[in-house]
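As provided, structure_27.cif (mmCIF, C-alpha atoms) reads as follows.
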```cif
data_target
#
loop_
_atom_site.group_PDB
_atom_site.id
_atom_site.type_symbol
_atom_site.label_atom_id
_atom_site.label_comp_id
_atom_site.auth_asym_id
_atom_site.auth_seq_id
_atom_site.Cartn_x
_atom_site.Cartn_y
_atom_site.Cartn_z
ATOM 1 C CA MET V 1 137.195 126.188 125.430
ATOM 2 C CA LYS V 2 137.422 129.564 127.140
ATOM 3 C CA ASN V 3 140.422 130.524 129.196
ATOM 4 C CA ASN V 4 139.366 134.021 130.239
ATOM 5 C CA TYR V 5 137.932 132.970 133.580
ATOM 6 C CA ILE V 6 137.853 135.455 136.422
ATOM 7 C CA LEU V 7 138.395 133.634 139.705
ATOM 8 C CA LYS V 8 137.307 135.001 143.048
ATOM 9 C CA ARG V 9 137.923 133.305 146.367
ATOM 10 C CA ALA V 10 135.596 133.504 149.344
ATOM 11 C CA GLU V 11 136.943 135.824 152.041
ATOM 12 C CA LYS V 12 137.091 132.904 154.483
ATOM 13 C CA MET V 13 137.662 129.341 153.275
ATOM 14 C CA GLY V 14 139.735 126.201 153.645
ATOM 15 C CA PHE V 15 141.524 124.755 156.680
ATOM 16 C CA CYS V 16 140.147 125.937 160.023
ATOM 17 C CA PHE V 17 142.531 126.176 162.978
ATOM 18 C CA GLY V 18 141.260 122.902 164.470
ATOM 19 C CA VAL V 19 141.890 120.898 161.313
ATOM 20 C CA LYS V 20 145.262 122.569 160.749
ATOM 21 C CA GLU V 21 146.301 121.689 164.298
ATOM 22 C CA ALA V 22 145.230 118.063 163.799
ATOM 23 C CA VAL V 23 147.079 117.653 160.488
ATOM 24 C CA ASP V 24 150.215 119.486 161.674
ATOM 25 C CA LEU V 25 150.392 117.284 164.758
ATOM 26 C CA ALA V 26 149.918 114.097 162.743
ATOM 27 C CA GLU V 27 152.759 115.094 160.431
ATOM 28 C CA THR V 28 155.192 115.869 163.251
ATOM 29 C CA ILE V 29 154.691 112.991 165.741
ATOM 30 C CA LYS V 30 157.867 110.941 166.152
ATOM 31 C CA SER V 31 157.779 107.468 167.656
ATOM 32 C CA ASP V 32 159.766 104.234 167.666
ATOM 33 C CA GLN V 33 156.427 102.426 167.831
ATOM 34 C CA LYS V 34 153.362 102.514 165.629
ATOM 35 C CA ILE V 35 151.278 105.653 165.080
ATOM 36 C CA TYR V 36 147.539 105.280 164.528
ATOM 37 C CA MET V 37 144.799 107.713 163.620
ATOM 38 C CA LEU V 38 141.282 106.920 164.726
ATOM 39 C CA GLY V 39 139.119 106.899 161.600
ATOM 40 C CA MET V 40 139.428 109.798 159.168
ATOM 41 C CA LEU V 41 141.442 112.413 161.042
ATOM 42 C CA VAL V 42 139.640 114.992 158.929
ATOM 43 C CA HIS V 43 136.980 114.508 156.255
ATOM 44 C CA ASN V 44 139.251 114.764 153.237
ATOM 45 C CA GLU V 45 140.434 111.673 151.390
ATOM 46 C CA GLN V 46 143.509 113.349 149.905
ATOM 47 C CA VAL V 47 144.743 114.457 153.338
ATOM 48 C CA ILE V 48 144.191 110.962 154.740
ATOM 49 C CA GLU V 49 146.100 109.301 151.881
ATOM 50 C CA GLN V 50 148.994 111.714 152.425
ATOM 51 C CA LEU V 51 149.165 110.807 156.125
ATOM 52 C CA LYS V 52 148.949 107.078 155.365
ATOM 53 C CA SER V 53 151.854 107.442 152.954
ATOM 54 C CA LYS V 54 153.939 108.625 155.926
ATOM 55 C CA GLY V 55 153.282 105.392 157.779
ATOM 56 C CA ILE V 56 150.329 106.448 159.918
ATOM 57 C CA ILE V 57 147.863 103.574 160.280
ATOM 58 C CA VAL V 58 144.099 104.041 160.156
ATOM 59 C CA VAL V 59 142.123 102.188 162.815
ATOM 60 C CA THR V 60 138.344 102.325 163.040
ATOM 61 C CA GLU V 61 136.188 102.827 166.103
ATOM 62 C CA GLU V 62 134.581 99.438 165.429
ATOM 63 C CA GLU V 63 137.961 97.686 165.487
ATOM 64 C CA VAL V 64 138.842 99.270 168.821
ATOM 65 C CA LEU V 65 135.424 98.559 170.368
ATOM 66 C CA GLU V 66 135.457 94.935 169.224
ATOM 67 C CA GLY V 67 139.090 94.312 170.209
ATOM 68 C CA ARG V 68 140.163 93.697 166.600
ATOM 69 C CA ASP V 69 142.826 96.418 166.566
ATOM 70 C CA GLU V 70 146.570 95.882 166.909
ATOM 71 C CA ILE V 71 147.213 98.890 169.154
ATOM 72 C CA ARG V 72 149.701 98.062 171.900
ATOM 73 C CA GLN V 73 151.081 99.808 174.973
ATOM 74 C CA GLY V 74 153.342 102.681 173.998
ATOM 75 C CA ASP V 75 151.832 103.131 170.528
ATOM 76 C CA SER V 76 150.554 106.585 169.584
ATOM 77 C CA VAL V 77 146.879 107.200 168.760
ATOM 78 C CA ILE V 78 145.586 110.459 167.295
ATOM 79 C CA ILE V 79 141.970 111.299 168.110
ATOM 80 C CA ARG V 80 140.469 113.101 165.132
ATOM 81 C CA ALA V 81 139.136 116.665 165.023
ATOM 82 C CA HIS V 82 135.573 115.328 165.440
ATOM 83 C CA GLY V 83 136.482 113.565 168.693
ATOM 84 C CA THR V 84 135.202 110.090 169.484
ATOM 85 C CA ILE V 85 132.899 108.279 171.888
ATOM 86 C CA LYS V 86 133.567 108.022 175.622
ATOM 87 C CA LYS V 87 134.094 104.237 175.482
ATOM 88 C CA ILE V 88 136.986 104.620 173.022
ATOM 89 C CA TYR V 89 138.780 107.032 175.355
ATOM 90 C CA GLU V 90 138.350 104.512 178.176
ATOM 91 C CA ILE V 91 139.717 101.615 176.096
ATOM 92 C CA LEU V 92 142.724 103.617 174.908
ATOM 93 C CA ASN V 93 143.516 104.695 178.470
ATOM 94 C CA GLN V 94 143.422 101.058 179.559
ATOM 95 C CA LYS V 95 145.836 100.163 176.765
ATOM 96 C CA ASN V 96 148.246 102.789 178.130
ATOM 97 C CA VAL V 97 148.903 104.391 174.744
ATOM 98 C CA ARG V 98 150.187 107.852 173.948
ATOM 99 C CA MET V 99 146.936 109.588 173.148
ATOM 100 C CA TYR V 100 146.906 112.804 171.125
ATOM 101 C CA ASP V 101 143.428 114.281 171.393
ATOM 102 C CA VAL V 102 143.087 116.919 168.693
ATOM 103 C CA ALA V 103 139.315 117.145 168.944
ATOM 104 C CA CYS V 104 138.224 120.661 167.989
ATOM 105 C CA ILE V 105 137.915 123.130 170.866
ATOM 106 C CA PHE V 106 134.200 123.578 170.078
ATOM 107 C CA VAL V 107 133.663 119.810 170.247
ATOM 108 C CA LYS V 108 135.406 119.684 173.636
ATOM 109 C CA ARG V 109 133.324 122.629 174.848
ATOM 110 C CA SER V 110 130.122 120.858 173.789
ATOM 111 C CA ARG V 111 131.156 117.780 175.766
ATOM 112 C CA GLU V 112 131.837 119.863 178.869
ATOM 113 C CA GLU V 113 128.577 121.802 178.620
ATOM 114 C CA LEU V 114 126.608 118.602 178.141
ATOM 115 C CA ILE V 115 128.219 116.924 181.155
ATOM 116 C CA ASN V 116 127.914 119.975 183.422
ATOM 117 C CA HIS V 117 124.290 120.754 182.572
ATOM 118 C CA GLU V 118 123.220 117.150 182.877
ATOM 119 C CA LYS V 119 124.803 117.066 186.352
ATOM 120 C CA SER V 120 122.773 120.197 187.160
ATOM 121 C CA GLY V 121 119.538 118.420 186.310
ATOM 122 C CA TYR V 122 118.962 119.523 182.726
ATOM 123 C CA LYS V 123 117.651 117.242 180.013
ATOM 124 C CA ILE V 124 119.856 117.639 176.936
ATOM 125 C CA ILE V 125 118.491 118.225 173.441
ATOM 126 C CA PHE V 126 121.138 118.014 170.722
ATOM 127 C CA ILE V 127 120.424 119.351 167.230
ATOM 128 C CA GLY V 128 122.392 117.563 164.523
ATOM 129 C CA ASP V 129 122.999 114.399 162.531
ATOM 130 C CA GLU V 130 122.965 111.494 165.002
ATOM 131 C CA PHE V 131 125.142 109.419 162.637
ATOM 132 C CA HIS V 132 127.896 112.030 162.313
ATOM 133 C CA PRO V 133 131.048 111.085 164.290
ATOM 134 C CA GLU V 134 131.127 114.448 166.062
ATOM 135 C CA VAL V 135 127.560 114.072 167.310
ATOM 136 C CA ARG V 136 127.997 110.411 168.265
ATOM 137 C CA GLY V 137 131.089 111.341 170.243
ATOM 138 C CA ILE V 138 129.601 114.284 172.138
ATOM 139 C CA ILE V 139 126.315 112.650 173.116
ATOM 140 C CA SER V 140 128.140 109.532 174.377
ATOM 141 C CA PHE V 141 129.262 111.630 177.363
ATOM 142 C CA GLY V 142 125.627 112.073 178.414
ATOM 143 C CA CYS V 143 123.206 109.715 180.113
ATOM 144 C CA ASP V 144 119.986 110.581 178.306
ATOM 145 C CA VAL V 145 120.392 112.863 175.290
ATOM 146 C CA LYS V 146 117.629 113.485 172.757
ATOM 147 C CA VAL V 147 118.947 114.134 169.235
ATOM 148 C CA VAL V 148 116.769 116.058 166.786
ATOM 149 C CA LYS V 149 117.805 116.336 163.155
ATOM 150 C CA ASP V 150 116.055 119.521 162.027
ATOM 151 C CA PHE V 151 113.612 122.346 162.786
ATOM 152 C CA ASP V 152 110.523 120.290 161.904
ATOM 153 C CA GLU V 153 111.483 117.582 164.363
ATOM 154 C CA LEU V 154 112.246 120.180 167.039
ATOM 155 C CA LYS V 155 108.781 121.727 166.646
ATOM 156 C CA LYS V 156 107.174 118.328 167.212
ATOM 157 C CA MET V 157 108.963 117.793 170.504
ATOM 158 C CA LYS V 158 107.001 117.835 173.737
ATOM 159 C CA PHE V 159 108.625 119.879 176.490
ATOM 160 C CA GLU V 160 107.462 118.930 179.973
ATOM 161 C CA GLU V 161 106.808 121.900 182.264
ATOM 162 C CA SER V 162 108.269 120.008 185.209
ATOM 163 C CA GLU V 163 111.651 119.593 183.469
ATOM 164 C CA LYS V 164 114.397 121.981 182.431
ATOM 165 C CA TYR V 165 116.168 121.612 179.100
ATOM 166 C CA TYR V 166 119.533 122.572 177.650
ATOM 167 C CA ILE V 167 119.893 122.932 173.873
ATOM 168 C CA LEU V 168 123.159 122.175 172.065
ATOM 169 C CA ALA V 169 123.968 121.816 168.373
ATOM 170 C CA GLN V 170 126.456 120.220 166.017
ATOM 171 C CA THR V 171 129.375 122.617 165.599
ATOM 172 C CA THR V 172 128.901 122.867 161.822
ATOM 173 C CA LEU V 173 125.173 123.662 161.914
ATOM 174 C CA ASN V 174 124.126 126.746 159.951
ATOM 175 C CA LYS V 175 124.301 129.502 162.580
ATOM 176 C CA ASN V 176 121.381 131.458 161.147
ATOM 177 C CA LEU V 177 119.218 128.345 161.216
ATOM 178 C CA TYR V 178 120.297 127.595 164.774
ATOM 179 C CA LYS V 179 119.411 131.152 165.791
ATOM 180 C CA GLU V 180 115.965 130.747 164.247
ATOM 181 C CA MET V 181 115.454 127.436 166.031
ATOM 182 C CA THR V 182 116.601 128.637 169.429
ATOM 183 C CA GLU V 183 114.566 131.850 169.222
ATOM 184 C CA TYR V 184 111.517 129.711 168.563
ATOM 185 C CA ILE V 185 112.292 127.634 171.669
ATOM 186 C CA GLU V 186 113.083 130.614 173.915
ATOM 187 C CA ASN V 187 109.909 132.452 172.904
ATOM 188 C CA LYS V 188 107.722 129.402 173.488
ATOM 189 C CA TYR V 189 109.243 127.743 176.563
ATOM 190 C CA GLU V 190 110.579 129.325 179.741
ATOM 191 C CA ASN V 191 112.257 126.139 180.957
ATOM 192 C CA CYS V 192 114.798 125.947 178.105
ATOM 193 C CA LYS V 193 118.364 127.238 178.098
ATOM 194 C CA VAL V 194 120.391 127.540 174.908
ATOM 195 C CA GLY V 195 124.097 126.830 174.484
ATOM 196 C CA ASN V 196 126.276 128.194 171.693
ATOM 197 C CA THR V 197 129.080 125.900 170.579
ATOM 198 C CA ILE V 198 128.792 126.424 166.821
ATOM 199 C CA CYS V 199 132.246 126.877 165.353
ATOM 200 C CA GLY V 200 133.069 130.527 164.675
ATOM 201 C CA ALA V 201 135.213 129.573 161.690
ATOM 202 C CA THR V 202 132.293 127.603 160.253
ATOM 203 C CA PHE V 203 129.999 130.617 160.556
ATOM 204 C CA GLU V 204 132.560 132.907 158.904
ATOM 205 C CA ARG V 205 132.834 130.507 155.968
ATOM 206 C CA GLN V 206 129.053 130.284 155.673
ATOM 207 C CA LYS V 207 128.721 134.079 155.587
ATOM 208 C CA ALA V 208 131.514 134.338 153.024
ATOM 209 C CA VAL V 209 129.957 131.803 150.632
ATOM 210 C CA GLU V 210 126.573 133.475 151.028
ATOM 211 C CA LYS V 211 128.106 136.761 149.893
ATOM 212 C CA LEU V 212 130.282 135.376 147.088
ATOM 213 C CA SER V 213 127.548 133.256 145.512
ATOM 214 C CA THR V 214 125.631 136.464 144.644
ATOM 215 C CA GLU V 215 128.644 137.982 142.885
ATOM 216 C CA VAL V 216 129.647 135.254 140.417
ATOM 217 C CA ASP V 217 128.196 133.192 137.582
ATOM 218 C CA VAL V 218 129.346 129.815 138.907
ATOM 219 C CA MET V 219 130.335 128.635 142.396
ATOM 220 C CA LEU V 220 132.780 125.818 143.101
ATOM 221 C CA ILE V 221 132.692 124.335 146.594
ATOM 222 C CA ILE V 222 135.801 122.203 147.109
ATOM 223 C CA GLY V 223 135.932 119.508 149.749
ATOM 224 C CA GLY V 224 135.170 115.972 150.813
ATOM 225 C CA LYS V 225 131.687 114.770 149.912
ATOM 226 C CA ASN V 226 131.357 113.256 153.391
ATOM 227 C CA SER V 227 132.298 116.530 155.052
ATOM 228 C CA SER V 228 129.393 118.073 156.960
ATOM 229 C CA ASN V 229 130.706 121.635 156.811
ATOM 230 C CA THR V 230 131.467 121.357 153.078
ATOM 231 C CA LYS V 231 127.958 120.090 152.319
ATOM 232 C CA LYS V 232 126.485 122.981 154.287
ATOM 233 C CA LEU V 233 128.567 125.460 152.259
ATOM 234 C CA TYR V 234 127.246 123.807 149.106
ATOM 235 C CA ASN V 235 123.637 123.941 150.297
ATOM 236 C CA ILE V 236 123.920 127.633 151.203
ATOM 237 C CA SER V 237 125.475 128.446 147.837
ATOM 238 C CA LYS V 238 122.998 126.322 145.861
ATOM 239 C CA GLY V 239 120.113 128.104 147.560
ATOM 240 C CA ILE V 240 121.394 131.406 146.146
ATOM 241 C CA ASN V 241 123.168 130.410 142.943
ATOM 242 C CA GLN V 242 121.818 127.398 141.052
ATOM 243 C CA LYS V 243 125.151 126.965 139.263
ATOM 244 C CA SER V 244 126.909 125.734 142.389
ATOM 245 C CA TYR V 245 128.981 122.551 142.209
ATOM 246 C CA LEU V 246 130.589 120.428 144.924
ATOM 247 C CA ILE V 247 133.886 118.917 143.813
ATOM 248 C CA GLN V 248 136.658 117.026 145.598
ATOM 249 C CA THR V 249 139.563 117.517 143.171
ATOM 250 C CA TYR V 250 140.356 118.953 139.740
ATOM 251 C CA LYS V 251 139.235 115.637 138.221
ATOM 252 C CA ASP V 252 135.617 116.567 138.988
ATOM 253 C CA LEU V 253 135.735 119.753 136.896
ATOM 254 C CA ASP V 254 133.348 120.032 133.951
ATOM 255 C CA PHE V 255 134.106 122.970 131.666
ATOM 256 C CA GLU V 256 130.532 122.994 130.375
ATOM 257 C CA TRP V 257 129.571 124.581 133.710
ATOM 258 C CA PHE V 258 131.344 127.770 132.634
ATOM 259 C CA GLU V 259 130.030 128.131 129.074
ATOM 260 C CA LYS V 260 127.582 130.925 129.955
ATOM 261 C CA GLY V 261 129.649 132.829 132.475
ATOM 262 C CA ASN V 262 133.304 133.441 133.207
ATOM 263 C CA ARG V 263 133.118 134.722 136.794
ATOM 264 C CA ILE V 264 133.895 131.744 139.026
ATOM 265 C CA GLY V 265 133.614 131.842 142.792
ATOM 266 C CA ILE V 266 135.678 129.417 144.853
ATOM 267 C CA THR V 267 135.336 128.267 148.428
ATOM 268 C CA ALA V 268 136.577 125.214 150.294
ATOM 269 C CA GLY V 269 135.565 123.172 153.307
ATOM 270 C CA ALA V 270 137.436 123.284 156.594
ATOM 271 C CA SER V 271 139.290 120.049 155.761
ATOM 272 C CA THR V 272 140.452 121.092 152.291
ATOM 273 C CA PRO V 273 144.187 121.873 151.967
ATOM 274 C CA ASP V 274 145.397 124.849 149.935
ATOM 275 C CA GLU V 275 147.205 122.710 147.369
ATOM 276 C CA ILE V 276 143.934 121.153 146.161
ATOM 277 C CA VAL V 277 142.398 124.604 145.693
ATOM 278 C CA GLU V 278 145.519 125.920 143.978
ATOM 279 C CA LYS V 279 145.589 122.965 141.548
ATOM 280 C CA ILE V 280 141.991 123.665 140.517
ATOM 281 C CA GLU V 281 142.701 127.381 140.081
ATOM 282 C CA SER V 282 145.781 126.619 138.012
ATOM 283 C CA ILE V 283 143.808 124.371 135.657
ATOM 284 C CA LEU V 284 141.028 126.913 135.256
ATOM 285 C CA LEU V 285 143.474 129.703 134.467
ATOM 286 C CA GLY V 286 145.291 127.401 132.033
ATOM 287 C CA GLY V 287 142.043 126.443 130.320
ATOM 288 C CA ARG V 288 142.769 122.728 130.424
ATOM 289 C CA CYS V 289 141.967 119.756 132.635
ATOM 290 C CA ASN V 290 144.812 117.292 132.438
ATOM 291 C CA GLY V 291 147.807 116.335 134.535
#
```

Encoding of this model in structure tokens:
Amino acid sequence: MKNNYILKRAEKMGFCFGVKEAVDLAETIKSDQKIYMLGMLVHNEQVIEQLKSKGIIVVTEEEVLEGRDEIRQGDSVIIRAHGTIKKIYEILNQKNVRMYDVACIFVKRSREELINHEKSGYKIIFIGDEFHPEVRGIISFGCDVKVVKDFDELKKMKFEESEKYYILAQTTLNKNLYKEMTEYIENKYENCKVGNTICGATFERQKAVEKLSTEVDVMLIIGGKNSSNTKKLYNISKGINQKSYLIQTYKDLDFEWFEKGNRIGITAGASTPDEIVEKIESILLGGRCNG
């Protein structure tokens, strides 16, 4: 087994400011009553387990919507970085809880733009994964939102000349792809207006992985496998460097990946804490995978 690996980090990677704010707040809330987090505060299982070990209770959207939760007046509830649906906010307000809404600033901006443009008579088209909690939350603040999953579906849409449309996108969408999609719309239809709520930190991380994946033999993308932004980093890297691997922890490492090259690039999703990255780097530099 080699131990002469050369490790290179992406210029931008790991916790974004929104996730850091959410985790820091969750770790510092003090209360004589129970503290809940709504679903996965961030899409990283290790972070969630750490918060649960401190006594924070996970409650799902389904439990709240169906009245199966045990949240009581005066309890604290943390709204995750992805936000949640309008109905949940209403229920929690009725319960008179201490609500800590740490939804990302770009998520909140999307909500506001959707609401304001719909009030102004626009039909809303939202580009993203309709099953992702961020998307479900944002579109719940609208009355009639059309969700399209990709460029092909967007091209098939029929835009009525008598209507006006406002385009929004999931905050973690590939910015270059979104630019391509919106340019197509703007060049073809005069009755469409385009919003820009894609997370700047997400775009910086996408550019950084695009650059690094050309400079190394193997790319490691570290993060939760349910994390949208992490999967997009992986897809960008894989499109450039076939030897790109998505891993959650050091336990996923396979040293056979590095047999034909010792230059290893490392990036991490926006919900991946530094200690997970540092553990993986330590093992690679030590040439072993135990402990």

### Chain and number of each residue from the PyMOL selection byres ((chain V and resi 166) around 6), as number ranges by chain
V: 122, 124, 165, 167, 192-194

### Message
Applying the PyMOL selection byres ((chain V and resi 69-80) around 6) to the file I just gave you, which residues come out? Please list them as an MDAnalysis selection string.
### Response
chainID V and resid 33:38 41 63:64 67:68 81:83 95:103

Please produce a file of the residues just selected, as an mmCIF file, keeping the file's coordinate frame, where the atoms kept are C-alpha atoms.
```cif
data_model
loop_
_atom_site.group_PDB
_atom_site.id
_atom_site.type_symbol
_atom_site.label_atom_id
_atom_site.label_comp_id
_atom_site.auth_asym_id
_atom_site.auth_seq_id
_atom_site.Cartn_x
_atom_site.Cartn_y
_atom_site.Cartn_z
ATOM 1 C CA GLN V 33 156.427 102.426 167.831
ATOM 2 C CA LYS V 34 153.362 102.514 165.629
ATOM 3 C CA ILE V 35 151.278 105.653 165.080
ATOM 4 C CA TYR V 36 147.539 105.280 164.528
ATOM 5 C CA MET V 37 144.799 107.713 163.620
ATOM 6 C CA LEU V 38 141.282 106.920 164.726
ATOM 7 C CA LEU V 41 141.442 112.413 161.042
ATOM 8 C CA GLU V 63 137.961 97.686 165.487
ATOM 9 C CA VAL V 64 138.842 99.270 168.821
ATOM 10 C CA GLY V 67 139.090 94.312 170.209
ATOM 11 C CA ARG V 68 140.163 93.697 166.600
ATOM 12 C CA ALA V 81 139.136 116.665 165.023
ATOM 13 C CA HIS V 82 135.573 115.328 165.440
ATOM 14 C CA GLY V 83 136.482 113.565 168.693
ATOM 15 C CA LYS V 95 145.836 100.163 176.765
ATOM 16 C CA ASN V 96 148.246 102.789 178.130
ATOM 17 C CA VAL V 97 148.903 104.391 174.744
ATOM 18 C CA ARG V 98 150.187 107.852 173.948
ATOM 19 C CA MET V 99 146.936 109.588 173.148
ATOM 20 C CA TYR V 100 146.906 112.804 171.125
ATOM 21 C CA ASP V 101 143.428 114.281 171.393
ATOM 22 C CA VAL V 102 143.087 116.919 168.693
ATOM 23 C CA ALA V 103 139.315 117.145 168.944
#
```

### Message
From the options V:Gly223, V:Ala10, V:Gly195, V:Tyr184, which residue's atoms come nearest to V:Ile266, counting only C-alpha atoms?
### Response
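Selected residue with least distance to V:Ile266: V:Ala10.
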
### Message
Residues within 9 Å of (126.4, 112.3, 176.8), file coordinates, counting only C-alpha atoms: what are they? Give the list as a PyMOL selection string.
### Response
chain V and resi 86+111+114-115+118+124+136-145

#### Entry: Hits of the PyMOL selection byres ((chain V and resi 245) around 10) in this structure, as a PyMOL selection string
chain V and resi 218-222+234-235+237-238+241-244+246-247+252-254+257+266

### Query
Mind pulling up the distance from atom CA of V:Pro273 to atom CA of V:Leu212?
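Between these atoms lies a distance of 20.0 Å.
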
### Query
Closest to V:Leu7 among V:Phe131, V:Phe203, V:Phe258, V:Phe159, using only C-alpha atoms?
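Smallest separation from V:Leu7 among the options: V:Phe258.
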
### Query
Nearest to V:Val147 among V:Gly128, V:Gly239, V:Pro133, V:Gly121, with distances taken over only C-alpha atoms: which residue is it?
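The shortest atom-to-atom distance to V:Val147 comes from V:Gly128.
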
### Message
Which residue is closest to V:Ile276? Choose from V:Val19, V:Val135, V:Lys251, V:Lys8 and count only C-alpha atoms.
### Response
V:Lys251

### Task
Write out as JSON, numbers by chain each polymer residue whose atoms come within 12 Å of V:Ile48, counting all atoms listed in the file; drop sequence neighbours fewer than 5 positions from it.
{"V": [22, 23, 26, 27, 36, 37, 38, 39, 40, 41, 42, 43, 53, 54, 55, 56, 57, 58, 80, 224, 271, 272, 273]}

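Across the model, the gap from atom CA of V:Thr28 to atom CA of V:Ile85 is 25.1 Å.
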
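Pairwise distance (atom CA of V:Thr214, atom CA of V:Glu281) equals 19.9 Å.
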
### Message
Here is a test: counting only C-alpha atoms, which residue of V:Ser282, V:Thr84, V:Ser120, V:Thr182 is nearest to V:Glu134?
### Response
V:Thr84

So for stretch 254-271 of chain V, what box centre and size do we get, axis-aligned, 5 Å extra on each of the six sides, every listed atom, Å to one decimal, as lines of an AutoDock Vina configuration file?
```
center_x = 133.4
center_y = 127.4
center_z = 142.8
size_x = 21.7
size_y = 24.7
size_z = 37.5
```

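Considering the residues V:Ala270, V:Val277, V:Leu284, V:Ile185 and counting only C-alpha atoms, V:Gly14 has its shortest atom-to-atom contact with V:Ala270.
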
Counting only C-alpha atoms, which residues of stretch 173-291 of chain V fall within 12 Å of stretch 150-158 of chain V, and what is the closest atom pair for each with its distance in Å at one decimal, ordered by chain and rising number, as JSON lines?
```
{"residue": "V:Leu173", "atom": "CA", "partner": "V:Asp150", "partner_atom": "CA", "distance": 10.0}
{"residue": "V:Asn174", "atom": "CA", "partner": "V:Asp150", "partner_atom": "CA", "distance": 11.0}
{"residue": "V:Leu177", "atom": "CA", "partner": "V:Phe151", "partner_atom": "CA", "distance": 8.4}
{"residue": "V:Tyr178", "atom": "CA", "partner": "V:Phe151", "partner_atom": "CA", "distance": 8.7}
{"residue": "V:Lys179", "atom": "CA", "partner": "V:Phe151", "partner_atom": "CA", "distance": 11.0}
{"residue": "V:Glu180", "atom": "CA", "partner": "V:Phe151", "partner_atom": "CA", "distance": 8.8}
{"residue": "V:Met181", "atom": "CA", "partner": "V:Phe151", "partner_atom": "CA", "distance": 6.3}
{"residue": "V:Thr182", "atom": "CA", "partner": "V:Phe151", "partner_atom": "CA", "distance": 9.6}
{"residue": "V:Glu183", "atom": "CA", "partner": "V:Phe151", "partner_atom": "CA", "distance": 11.5}
{"residue": "V:Tyr184", "atom": "CA", "partner": "V:Lys155", "partner_atom": "CA", "distance": 8.7}
{"residue": "V:Ile185", "atom": "CA", "partner": "V:Lys155", "partner_atom": "CA", "distance": 8.5}
{"residue": "V:Lys188", "atom": "CA", "partner": "V:Lys155", "partner_atom": "CA", "distance": 10.3}
{"residue": "V:Tyr189", "atom": "CA", "partner": "V:Lys158", "partner_atom": "CA", "distance": 10.5}
```
